[in-house]
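*Asks:* The structure follows.
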Amino acid sequence: MFHSTKKERLPTWYIDTVHVTTLNLNGLRSAIQKDLSGWITRNDPDILLMQEVRAFPHPEFFDELGYQAHWHAAEKPGYSGVAVASKISPRSVKYGMDRPEFDVEGRVLTVEFDHLTVVSAYVPSGSSGEVRQAFKYRFMDVFFEYTRELLAGLGDRQLIVAGDFNIAHHPIDLKNWKANQKNSGFLPEERAWLTRYLELGLLDTHRRRLGETAEYTWWSNRGQAFANNVGWRLDYQFSTPMLAEKAHFHHTDRENRLSDHAAVSMKYQFPLT
């Protein structure tokens with residue numbers, strides 16, 4: 001169910017370019033200790049989509065930076081969770097997918113603005129074993145249908161689905177693809193699902209900007225993965241085709257190590273309100 005926020009709406013203004021950033025925080029408290037507030041101030045996104053927040057709501061942190069934050073936390077403390085912070089108050093917010101099995105883990109948050117809907121998504125990892133891999137597949141099936149319904153009901157709005165998908169789509173999206181073909185995150189079934197997912201009517205906006213450049217968004221903490229750039233591209237911004245055509249800037253921020261993931265930023269020539 002969508003929850004209207006109209007009574008709480010902040011003063012709005014016209015933004016002809018919308019700056020959208022997605023970042024797996026690997027824990028909000030940890031990111032705050034690494035100067036998350038300074039990073040947000042310097043980068044100045046209009047909409048910040050966050051995953052693996054691992055904390056119950058802290059809206060006051062974002063209030064002080066000039067953002068309104070909405071939160072879908074996991075029931076289990078210190079686990080999972082997604083959030084969206086925006087400079088402009090949204091029209092409505094939907095917490096989860098109306099599927100308790102997944103919603104208790106805080107994995108999907110949908111936020112509607114006047115002309116744009118954004119989804120912060122955190123696809124489960126299956127790397128711990130068969131039980132979680134099966135959970136991941138069930139989530140993927142439900143999220144597929146959830147996105148199909150979102151697209152069908154968009155009307156005149158555009159859509160961005162962004163976050164940590166825990167899947168590298170193509171060999172160019174991870175350093176050691178040959179050695180990982182039987183590992184969660186690069187399984188044939190996962191990659192085929194991501195292809196079908198985009199065929200719903202979305203484009204990999206980040207890849208369109210990258211072309212054939214190999215660029216990663218996550219590096220293991222083991223060994224010298226980051227130093228040697230042995231990474232995976234797990235974090236995406238997918239958008240409706242009209243919006244993808246209006247993307248005119250991208251940046252993968254591997255310089256500021258707020259997390260084991262890099263922030264992925266895009267700018268779209270598009271009015272947020």
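Residues are referred to by chain and number: the chain letter is A, B, ... according to the order shown in the structure tokens, the number counts from 1 in that chain, and ligands are numbered separately from 1 in the order shown.
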List as a PDB file with N, CA and C atoms, in the first residue's frame the protein and nucleic acid residues near segment 181-194 of chain A, meaning an atom at most 7 Å away when only C-alpha atoms are counted, but skip any in the same chain fewer than 2 places from it.
*Replies:*
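Result file is result39.pdb:
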```pdb
ATOM      1  N   GLY A 126      22.974 -14.815  -2.231  1.00  0.00           N
ATOM      2  CA  GLY A 126      22.816 -16.255  -2.061  1.00  0.00           C
ATOM      3  C   GLY A 126      24.123 -16.950  -1.763  1.00  0.00           C
ATOM      4  N   SER A 127      25.148 -16.170  -1.460  1.00  0.00           N
ATOM      5  CA  SER A 127      26.495 -16.738  -1.342  1.00  0.00           C
ATOM      6  C   SER A 127      26.694 -17.600  -0.102  1.00  0.00           C
ATOM      7  N   ASN A 166      23.063  -7.703  -6.439  1.00  0.00           N
ATOM      8  CA  ASN A 166      23.837  -8.909  -6.129  1.00  0.00           C
ATOM      9  C   ASN A 166      23.922  -9.857  -7.323  1.00  0.00           C
ATOM     10  N   ILE A 167      23.967  -9.275  -8.522  1.00  0.00           N
ATOM     11  CA  ILE A 167      24.146 -10.039  -9.761  1.00  0.00           C
ATOM     12  C   ILE A 167      25.034  -9.225 -10.693  1.00  0.00           C
ATOM     13  N   ALA A 168      26.070  -9.841 -11.213  1.00  0.00           N
ATOM     14  CA  ALA A 168      26.853  -9.254 -12.304  1.00  0.00           C
ATOM     15  C   ALA A 168      26.252  -9.779 -13.606  1.00  0.00           C
ATOM     16  N   HIS A 169      25.830  -8.886 -14.472  1.00  0.00           N
ATOM     17  CA  HIS A 169      25.032  -9.285 -15.628  1.00  0.00           C
ATOM     18  C   HIS A 169      25.860  -9.965 -16.721  1.00  0.00           C
ATOM     19  N   TRP A 177      35.478 -13.443 -14.292  1.00  0.00           N
ATOM     20  CA  TRP A 177      34.196 -14.056 -14.624  1.00  0.00           C
ATOM     21  C   TRP A 177      34.302 -15.556 -14.874  1.00  0.00           C
ATOM     22  N   LYS A 178      35.394 -16.005 -15.451  1.00  0.00           N
ATOM     23  CA  LYS A 178      35.518 -17.435 -15.748  1.00  0.00           C
ATOM     24  C   LYS A 178      35.520 -18.274 -14.480  1.00  0.00           C
ATOM     25  N   ALA A 179      36.133 -17.759 -13.436  1.00  0.00           N
ATOM     26  CA  ALA A 179      36.232 -18.510 -12.179  1.00  0.00           C
ATOM     27  C   ALA A 179      34.962 -18.423 -11.344  1.00  0.00           C
ATOM     28  N   ARG A 196      15.830 -10.846 -18.638  1.00  0.00           N
ATOM     29  CA  ARG A 196      14.361 -10.804 -18.724  1.00  0.00           C
ATOM     30  C   ARG A 196      13.803  -9.592 -17.980  1.00  0.00           C
ATOM     31  N   TYR A 197      14.423  -9.270 -16.867  1.00  0.00           N
ATOM     32  CA  TYR A 197      13.966  -8.124 -16.073  1.00  0.00           C
ATOM     33  C   TYR A 197      14.045  -6.834 -16.891  1.00  0.00           C
ATOM     34  N   LEU A 198      15.158  -6.629 -17.565  1.00  0.00           N
ATOM     35  CA  LEU A 198      15.303  -5.430 -18.388  1.00  0.00           C
ATOM     36  C   LEU A 198      14.333  -5.437 -19.561  1.00  0.00           C
TER      37      LEU A 198
END
```
*Asks:* Give one line per residue of segment 17-68 of chain A that approaches segment 239-243 of chain A to at most 12 Å, naming the two atoms of the closest pair and their distance in Å to one decimal, counting only C-alpha atoms; sort by chain then ascending residue number and deliver it as a Markdown table.
*Replies:*
```
| residue | atom | partner | partner_atom | distance |
| --- | --- | --- | --- | --- |
| A:Thr17 | CA | A:Leu243 | CA | 11.2 |
| A:Val18 | CA | A:Leu243 | CA | 10.6 |
| A:Val20 | CA | A:Ser239 | CA | 11.3 |
```
*Asks:* Could you please take those selected residues and save N, CA and C atoms as a short mmCIF file (atom, residue, chain, number, x, y, z; two decimals), in the first residue's frame?
*Replies:*
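Final file, selection.cif:
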```cif
data_model
loop_
_atom_site.label_atom_id
_atom_site.label_comp_id
_atom_site.auth_asym_id
_atom_site.auth_seq_id
_atom_site.Cartn_x
_atom_site.Cartn_y
_atom_site.Cartn_z
N THR A 17 17.36 19.30 -13.98
CA THR A 17 18.26 18.16 -14.00
C THR A 17 18.17 17.48 -12.65
N VAL A 18 17.88 16.18 -12.65
CA VAL A 18 17.78 15.45 -11.40
C VAL A 18 19.02 14.56 -11.24
N VAL A 20 20.66 11.58 -9.31
CA VAL A 20 20.25 10.40 -8.55
C VAL A 20 21.48 9.56 -8.23
#
```
*Asks:* As a ChimeraX atom specification, list the residues of segment 58-205 of chain A assigned to strand (DSSP E) by DSSP on the backbone atoms of this structure.
*Replies:* /A:68-72,82-86,92-95,108-112,116-122,158-164,203-204
*Asks:* Near Tyr137 of chain A, counting only C-alpha atoms, which residues have an atom at most 9 Å away, once you skip same-chain residues fewer than 3 positions from it, shown as a PDB file with C-alpha atoms, in the first residue's frame?
*Replies:*
```
ATOM      1  CA  PRO A 124      19.379 -10.854  -1.317  1.00  0.00           C
ATOM      2  CA  GLY A 126      22.816 -16.255  -2.061  1.00  0.00           C
ATOM      3  CA  ARG A 132      19.564 -18.226   0.906  1.00  0.00           C
ATOM      4  CA  GLN A 133      20.044 -18.854  -2.813  1.00  0.00           C
ATOM      5  CA  ALA A 134      16.531 -20.312  -2.941  1.00  0.00           C
ATOM      6  CA  MET A 140      13.618 -12.259  -7.807  1.00  0.00           C
ATOM      7  CA  ASP A 141      10.359 -13.809  -9.035  1.00  0.00           C
ATOM      8  CA  VAL A 142       8.234 -11.557  -6.823  1.00  0.00           C
ATOM      9  CA  GLU A 190      20.625 -15.088 -12.297  1.00  0.00           C
TER      10      GLU A 190
END
```
*Asks:* Just want the 8 Å neighbourhood of Glu52 of chain A, counted on only C-alpha atoms, with same-chain residues fewer than 4 positions away dropped. Output as a tab-separated table (two decimals) with N, CA and C atoms, in the first residue's frame.
*Replies:*
```
chain	number	residue	atom	x	y	z
A	24	ASN	N	25.08	1.24	-1.59
A	24	ASN	CA	25.00	0.26	-0.51
A	24	ASN	C	25.92	0.74	0.60
A	25	LEU	N	25.33	1.11	1.74
A	25	LEU	CA	26.09	1.72	2.81
A	25	LEU	C	26.92	0.73	3.62
A	26	ASN	N	26.52	-0.56	3.59
A	26	ASN	CA	27.16	-1.55	4.47
A	26	ASN	C	27.13	-1.06	5.92
A	27	GLY	N	26.01	-0.45	6.29
A	27	GLY	CA	25.82	0.05	7.64
A	27	GLY	C	25.86	1.56	7.72
A	79	TYR	N	20.42	-5.32	10.35
A	79	TYR	CA	20.40	-6.19	9.18
A	79	TYR	C	19.66	-5.51	8.03
A	80	SER	N	20.20	-5.62	6.84
A	80	SER	CA	19.53	-5.23	5.60
A	80	SER	C	18.96	-3.81	5.70
A	81	GLY	N	17.80	-3.57	5.11
A	81	GLY	CA	17.15	-2.27	5.16
A	81	GLY	C	17.50	-1.37	3.99
A	82	VAL	N	16.50	-0.62	3.52
A	82	VAL	CA	16.68	0.34	2.43
A	82	VAL	C	16.09	1.68	2.84
A	122	TYR	N	17.26	-3.92	-2.78
A	122	TYR	CA	18.39	-4.67	-2.25
A	122	TYR	C	18.10	-6.16	-2.40
```
*Asks:* Suppose you want the space between atom CA of Leu116 of chain A and atom CA of Trp39 of chain A; what is it in Å?
*Replies:*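 These atoms are spaced 24.7 Å apart.
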*Asks:* For Val118 of chain A, which residue out of A:Gly211, A:Pro171, A:Gly38, A:Pro90 is the nearest one, using only C-alpha atoms?
*Replies:* A:Pro90
*Asks:* If you run DSSP on this backbone, which residues of segment 63-198 of chain A come out as helix (DSSP H, G or I), and could you give them as number ranges by chain?
*Replies:* A: 63, 100-103, 130-152, 171-173, 178-180, 188-198
*Asks:* State, in Å with one decimal place, the distance from atom CA of Ser128 of chain A to atom CA of Ala214 of chain A.
*Replies:*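 The value is 26.7 Å.
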*Asks:* How close does each residue of segment 136-246 of chain A get to segment 93-99 of chain A, giving the shortest atom pair and distance in Å to one decimal for every residue with an atom at most 12 Å away, counting only C-alpha atoms, sorted by chain and residue number, as CSV?
*Replies:*
```
residue,atom,partner,partner_atom,distance
A:Arg138,CA,A:Arg99,CA,11.0
A:Phe139,CA,A:Arg99,CA,9.5
A:Met140,CA,A:Met97,CA,11.8
A:Asp141,CA,A:Arg99,CA,11.8
A:Val142,CA,A:Met97,CA,8.2
A:Phe143,CA,A:Met97,CA,7.7
A:Phe144,CA,A:Met97,CA,10.9
A:Glu145,CA,A:Met97,CA,9.9
A:Tyr146,CA,A:Met97,CA,6.9
A:Thr147,CA,A:Met97,CA,9.8
A:Glu149,CA,A:Met97,CA,10.9
A:Leu150,CA,A:Met97,CA,10.8
```
*Asks:* Mind dumping the selected residues with C-alpha atoms as a PDB file, in the first residue's frame?
*Replies:*
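Ended up saving to selection15.pdb:
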```pdb
ATOM      1  CA  ARG A 138      11.898 -16.398  -4.767  1.00  0.00           C
ATOM      2  CA  PHE A 139      12.584 -12.716  -4.185  1.00  0.00           C
ATOM      3  CA  MET A 140      13.618 -12.259  -7.807  1.00  0.00           C
ATOM      4  CA  ASP A 141      10.359 -13.809  -9.035  1.00  0.00           C
ATOM      5  CA  VAL A 142       8.234 -11.557  -6.823  1.00  0.00           C
ATOM      6  CA  PHE A 143      10.277  -8.438  -7.606  1.00  0.00           C
ATOM      7  CA  PHE A 144       9.936  -9.171 -11.323  1.00  0.00           C
ATOM      8  CA  GLU A 145       6.142  -9.101 -11.060  1.00  0.00           C
ATOM      9  CA  TYR A 146       6.239  -6.100  -8.746  1.00  0.00           C
ATOM     10  CA  THR A 147       8.232  -4.139 -11.322  1.00  0.00           C
ATOM     11  CA  GLU A 149       2.966  -3.884 -12.230  1.00  0.00           C
ATOM     12  CA  LEU A 150       4.813  -0.638 -11.489  1.00  0.00           C
TER      13      LEU A 150
END
```
*Asks:* From the list A:Ile172, A:Thr252, A:Ala262, A:Ile160, which residue is nearest Glu212 of chain A when using only C-alpha atoms?
*Replies:*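 Looking at the shortest contact to Glu212 of chain A, the residue is A:Ile172.
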*Asks:* In Å, rounded to a single decimal, give me how far atom CA of Ser92 of chain A is from atom CA of Ile32 of chain A.
*Replies:*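 So the answer is 27.2 Å.
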*Asks:* Got a sec: who's within 8 Å of Val161 of chain A, counting only C-alpha atoms, leaving out chain neighbours fewer than 6 positions off, as a list in words?
*Replies:* Val118, Val119, Ser120, Ala121, Tyr236, Gln237, Phe238 and Ser239 of chain A
*Asks:* May I have the residues from that selection written out with C-alpha atoms, as a compact mmCIF listing (two decimals), in the first residue's frame?
*Replies:*
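Produced file result19.txt, reproduced below:
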```txt
# COMPACT_ATOMS: atom_id res chain seq x y z
CA VAL A 118 12.15 5.61 -7.80
CA VAL A 119 12.71 2.20 -6.24
CA SER A 120 15.56 1.44 -3.85
CA ALA A 121 16.13 -2.31 -4.15
CA TYR A 236 22.75 -0.47 -11.00
CA GLN A 237 20.49 2.31 -12.15
CA PHE A 238 17.81 0.96 -14.46
CA SER A 239 15.39 3.43 -16.02
```
*Asks:* Find the spatial neighbours of Lys246 of chain A, counting only C-alpha atoms, within a cut-off of 9 Å - ignore same-chain residues fewer than 5 positions away - and output them as a compact mmCIF listing (two decimals) with N, CA and C atoms, in the first residue's frame.
*Replies:*
```txt
# COMPACT_ATOMS: atom_id res chain seq x y z
N PRO A 241 13.11 3.95 -20.93
CA PRO A 241 13.92 4.40 -22.06
C PRO A 241 13.98 5.91 -22.24
N LYS A 267 23.02 11.77 -13.74
CA LYS A 267 22.23 12.99 -13.87
C LYS A 267 21.36 12.87 -15.11
N TYR A 268 20.09 13.20 -14.94
CA TYR A 268 19.11 13.11 -16.02
C TYR A 268 18.54 14.50 -16.28
N GLN A 269 18.46 14.86 -17.56
CA GLN A 269 17.84 16.13 -17.94
C GLN A 269 16.34 15.94 -17.87
N PHE A 270 15.80 16.13 -16.67
CA PHE A 270 14.41 15.77 -16.42
C PHE A 270 13.91 16.52 -15.20
```
*Asks:* Might you pull out every residue within 8 Å of Val84 of chain A, with only C-alpha atoms counted and same-chain residues fewer than 5 positions away left off, and present them as a VMD selection string?
*Replies:* chain A and resid 47 to 50 69 to 71 109 111 120
*Asks:* Kindly indicate which residue among A:Leu23, A:Leu210, A:Ala31, A:Ala85 lies nearest to Pro57 of chain A, using only C-alpha atoms for the distances.
*Replies:*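 The answer is A:Ala85, which sits nearest to Pro57 of chain A.
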*Asks:* Return the single residue from A:Val123, A:Leu234, A:Ala162, A:Leu200 that is closest to Met266 of chain A, with distances computed using only C-alpha atoms.
*Replies:*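 Among the listed residues, A:Ala162 lies closest to Met266 of chain A.
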*Asks:* Counting only C-alpha atoms, which residue out of A:Val53, A:Leu28, A:Val108, A:Ala227 sits closest to Phe165 of chain A?
*Replies:*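 Using only C-alpha atoms, the shortest distance to Phe165 of chain A belongs to A:Val108.
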*Asks:* I'd like to know which of A:Thr117, A:Thr273, A:Ser265, A:Ser259 is closest to Arg29 of chain A, using only C-alpha atoms.
*Replies:* A:Ser259
